[in-house]
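Peer 1: If you scroll down you'll find the structure; I have some questions about it.
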Amino acid sequence: MLAEQQQIKKEVNTLYIEPKDLNRYWSLVQFMLAEGLKYDGHPMSLKHIKEGVLLGELQLFMMFGSDDGEKYKVFGCFVTRIQTLPNYKQVEVLLLKGEKRELWQKEVARTIEDLGKQHGCKRLAVLARPGWRNFLEPFGWKVKRYLYQKELR
């Protein structure tokens, strides 16, 4: 007799990965983190992210669920930090990598806002590609400045 197949709900949720659980989930997000770092010119290493999460200096989240009702998968991940500035604190999104954004963008936006509120932050901040404007503006984000870069050799 075949075992009854488990019903899988078609939804994608955002999972906060606590420092104590990092090793359990690391293999699921490592590739996406590496891709995000590569795209951004390697501002830090995977080792820096892992150490920062373990020390509680960085927060790691994973977008996980099912888009087809047949199997679970990782749709993305993001890394934040709570930055204390002279006059206030802000949540900074350091890296966000994912696919099928329409499945998780509302949940991720809410999660980042909730994180800021939990930590008494006044502001949310993200350095992002111009294409992220379409993701951020519907959730009340405004462009405040542009980042210009030049690689020095």
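Just so we're on the same page: first chain in the structure tokens is A, next is B, and so on; residues restart at 1 for each chain, and ligands are numbered from 1 in the order they show up.
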Which residues are close to Leu115 (chain A), i.e. within 9 Å by only C-alpha atoms, leaving aside same-chain residues fewer than 6 positions away? Reply as a compact mmCIF listing (two decimals) with C-alpha atoms, in the first residue's frame.

Peer 2:
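Writing the result to result.txt gives the following:
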```txt
# COMPACT_ATOMS: atom_id res chain seq x y z
CA ILE A 82 20.69 46.77 12.79
CA VAL A 91 17.63 48.28 9.52
CA CYS A 121 14.53 51.52 14.46
```

Peer 1: Determine, counting only C-alpha atoms, which protein, DNA and RNA residues have an atom within 12 Å of an atom of Asn13 (chain A); residues of the same chain fewer than 3 positions away are not included. Present the result as a PyMOL selection string.

Peer 2: chain A and resi 9-10+16+61-67+72-77+101+103-111

Peer 1: Would you write out those residues with C-alpha atoms, as a PDB file, in the first residue's frame?

Peer 2:
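Dumped to result14.pdb:
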```pdb
ATOM      1  CA  LYS A   9       0.274  24.361   0.377  1.00  0.00           C
ATOM      2  CA  LYS A  10       1.174  26.715  -2.471  1.00  0.00           C
ATOM      3  CA  TYR A  16      14.256  33.996  10.209  1.00  0.00           C
ATOM      4  CA  PHE A  61      16.259  35.194   6.379  1.00  0.00           C
ATOM      5  CA  MET A  62      15.145  32.601   3.839  1.00  0.00           C
ATOM      6  CA  MET A  63      12.121  32.629   1.533  1.00  0.00           C
ATOM      7  CA  PHE A  64      10.890  29.042   1.558  1.00  0.00           C
ATOM      8  CA  GLY A  65       7.797  27.220   0.354  1.00  0.00           C
ATOM      9  CA  SER A  66       6.110  25.815  -2.728  1.00  0.00           C
ATOM     10  CA  ASP A  67       4.956  27.386  -5.963  1.00  0.00           C
ATOM     11  CA  TYR A  72       9.322  22.712  -1.182  1.00  0.00           C
ATOM     12  CA  LYS A  73      12.218  24.879  -2.260  1.00  0.00           C
ATOM     13  CA  VAL A  74      14.212  27.971  -1.362  1.00  0.00           C
ATOM     14  CA  PHE A  75      13.148  31.003  -3.389  1.00  0.00           C
ATOM     15  CA  GLY A  76      15.630  33.432  -1.908  1.00  0.00           C
ATOM     16  CA  CYS A  77      17.399  34.818   1.106  1.00  0.00           C
ATOM     17  CA  ARG A 101       9.785  37.725  -6.502  1.00  0.00           C
ATOM     18  CA  LEU A 103       5.653  35.002  -4.531  1.00  0.00           C
ATOM     19  CA  TRP A 104       7.479  36.612  -1.593  1.00  0.00           C
ATOM     20  CA  GLN A 105       7.903  40.363  -2.024  1.00  0.00           C
ATOM     21  CA  LYS A 106       5.000  41.411   0.229  1.00  0.00           C
ATOM     22  CA  GLU A 107       6.073  38.998   2.970  1.00  0.00           C
ATOM     23  CA  VAL A 108       9.695  40.160   2.797  1.00  0.00           C
ATOM     24  CA  ALA A 109       8.728  43.853   2.897  1.00  0.00           C
ATOM     25  CA  ARG A 110       6.553  43.205   5.965  1.00  0.00           C
ATOM     26  CA  THR A 111       9.296  41.135   7.623  1.00  0.00           C
TER      27      THR A 111
END
```

Peer 1: Mind giving me the straight-line distance from CA of Glu35 (chain A) to CA of Lys89 (chain A) in Å, one decimal?

Peer 2: 28.5 Å

Peer 1: Quick one: everything within 9 Å of Leu96 (chain A), counting only C-alpha atoms, minus sequence neighbours fewer than 2 positions away in the same chain. Send it as a PDB file with C-alpha atoms, in the first residue's frame.

Peer 2:
```pdb
ATOM      1  CA  MET A  32      22.214  32.187  -3.249  1.00  0.00           C
ATOM      2  CA  LEU A  33      24.331  34.210  -0.842  1.00  0.00           C
ATOM      3  CA  GLY A  36      24.410  37.818  -4.455  1.00  0.00           C
ATOM      4  CA  GLY A  76      15.630  33.432  -1.908  1.00  0.00           C
ATOM      5  CA  CYS A  77      17.399  34.818   1.106  1.00  0.00           C
ATOM      6  CA  PHE A  78      18.437  38.160   2.523  1.00  0.00           C
ATOM      7  CA  VAL A  79      20.830  39.554   5.114  1.00  0.00           C
ATOM      8  CA  THR A  80      20.186  42.555   7.340  1.00  0.00           C
ATOM      9  CA  VAL A  93      19.381  45.270   3.921  1.00  0.00           C
ATOM     10  CA  LEU A  94      22.886  44.225   2.916  1.00  0.00           C
ATOM     11  CA  GLY A  98      15.916  35.450  -4.985  1.00  0.00           C
ATOM     12  CA  ALA A 128      19.910  48.169  -4.450  1.00  0.00           C
TER      13      ALA A 128
END
```

Peer 1: Can you tell me which residues surround Lys20 (chain A) at a distance of at most 12 Å, considering only C-alpha atoms, apart from same-chain residues fewer than 4 positions away, and format the answer as an MDAnalysis selection string?

Peer 2: chainID A and resid 16 24:26 50:51 53:56 59:60

Peer 1: Please determine, counting only C-alpha atoms, which residue among A:Leu124, A:Ile112, A:Arg153, A:Gln118 has the shortest atom-to-atom distance to Thr14 (chain A).

Peer 2: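 With only C-alpha atoms as the atom set, the closest residue is A:Ile112.
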
Peer 1: Would you work out the distance separating CA of Glu11 (chain A) from CA of Asp114 (chain A), expressed in Å to one decimal?

Peer 2: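 CA of Asp114 (chain A) lies 19.9 Å from CA of Glu11 (chain A).
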
Peer 1: As a VMD selection string, list the residues of region 11-48 of chain A assigned to helix (DSSP H, G or I) by DSSP on the backbone atoms of this structure.

Peer 2: chain A and resid 19 to 39 46 to 48

Peer 1: Name the residues in contact with Asn87 (chain A) at a cut-off of 12 Å, using only C-alpha atoms, excluding same-chain residues fewer than 4 positions from it; report them as a compact mmCIF listing (two decimals) with C-alpha atoms, in the first residue's frame.

Peer 2:
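The result, stored in out-v1.txt:
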```txt
# COMPACT_ATOMS: atom_id res chain seq x y z
CA GLN A 83 22.89 49.85 12.49
CA CYS A 121 14.53 51.52 14.46
CA LYS A 122 13.46 54.78 12.88
CA ARG A 123 14.42 53.88 9.32
```

Peer 1: Report as a PyMOL selection string: the residues of region 44-146 of chain A with a DSSP assignment of strand (DSSP E), based on the backbone of this structure.

Peer 2: chain A and resi 59-66+73-84+89-98+123-126

Peer 1: What is the distance between CA of His119 (chain A) and CA of Pro86 (chain A), in Å to one decimal?

Peer 2: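 Value for the CA of His119 (chain A)-CA of Pro86 (chain A) distance: 15.6 Å.
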
Peer 1: When distances are computed from only C-alpha atoms, which of A:Ile17, A:Leu127, A:Val12, A:Leu46 shows the smallest separation from Glu99 (chain A)?

Peer 2: A:Val12
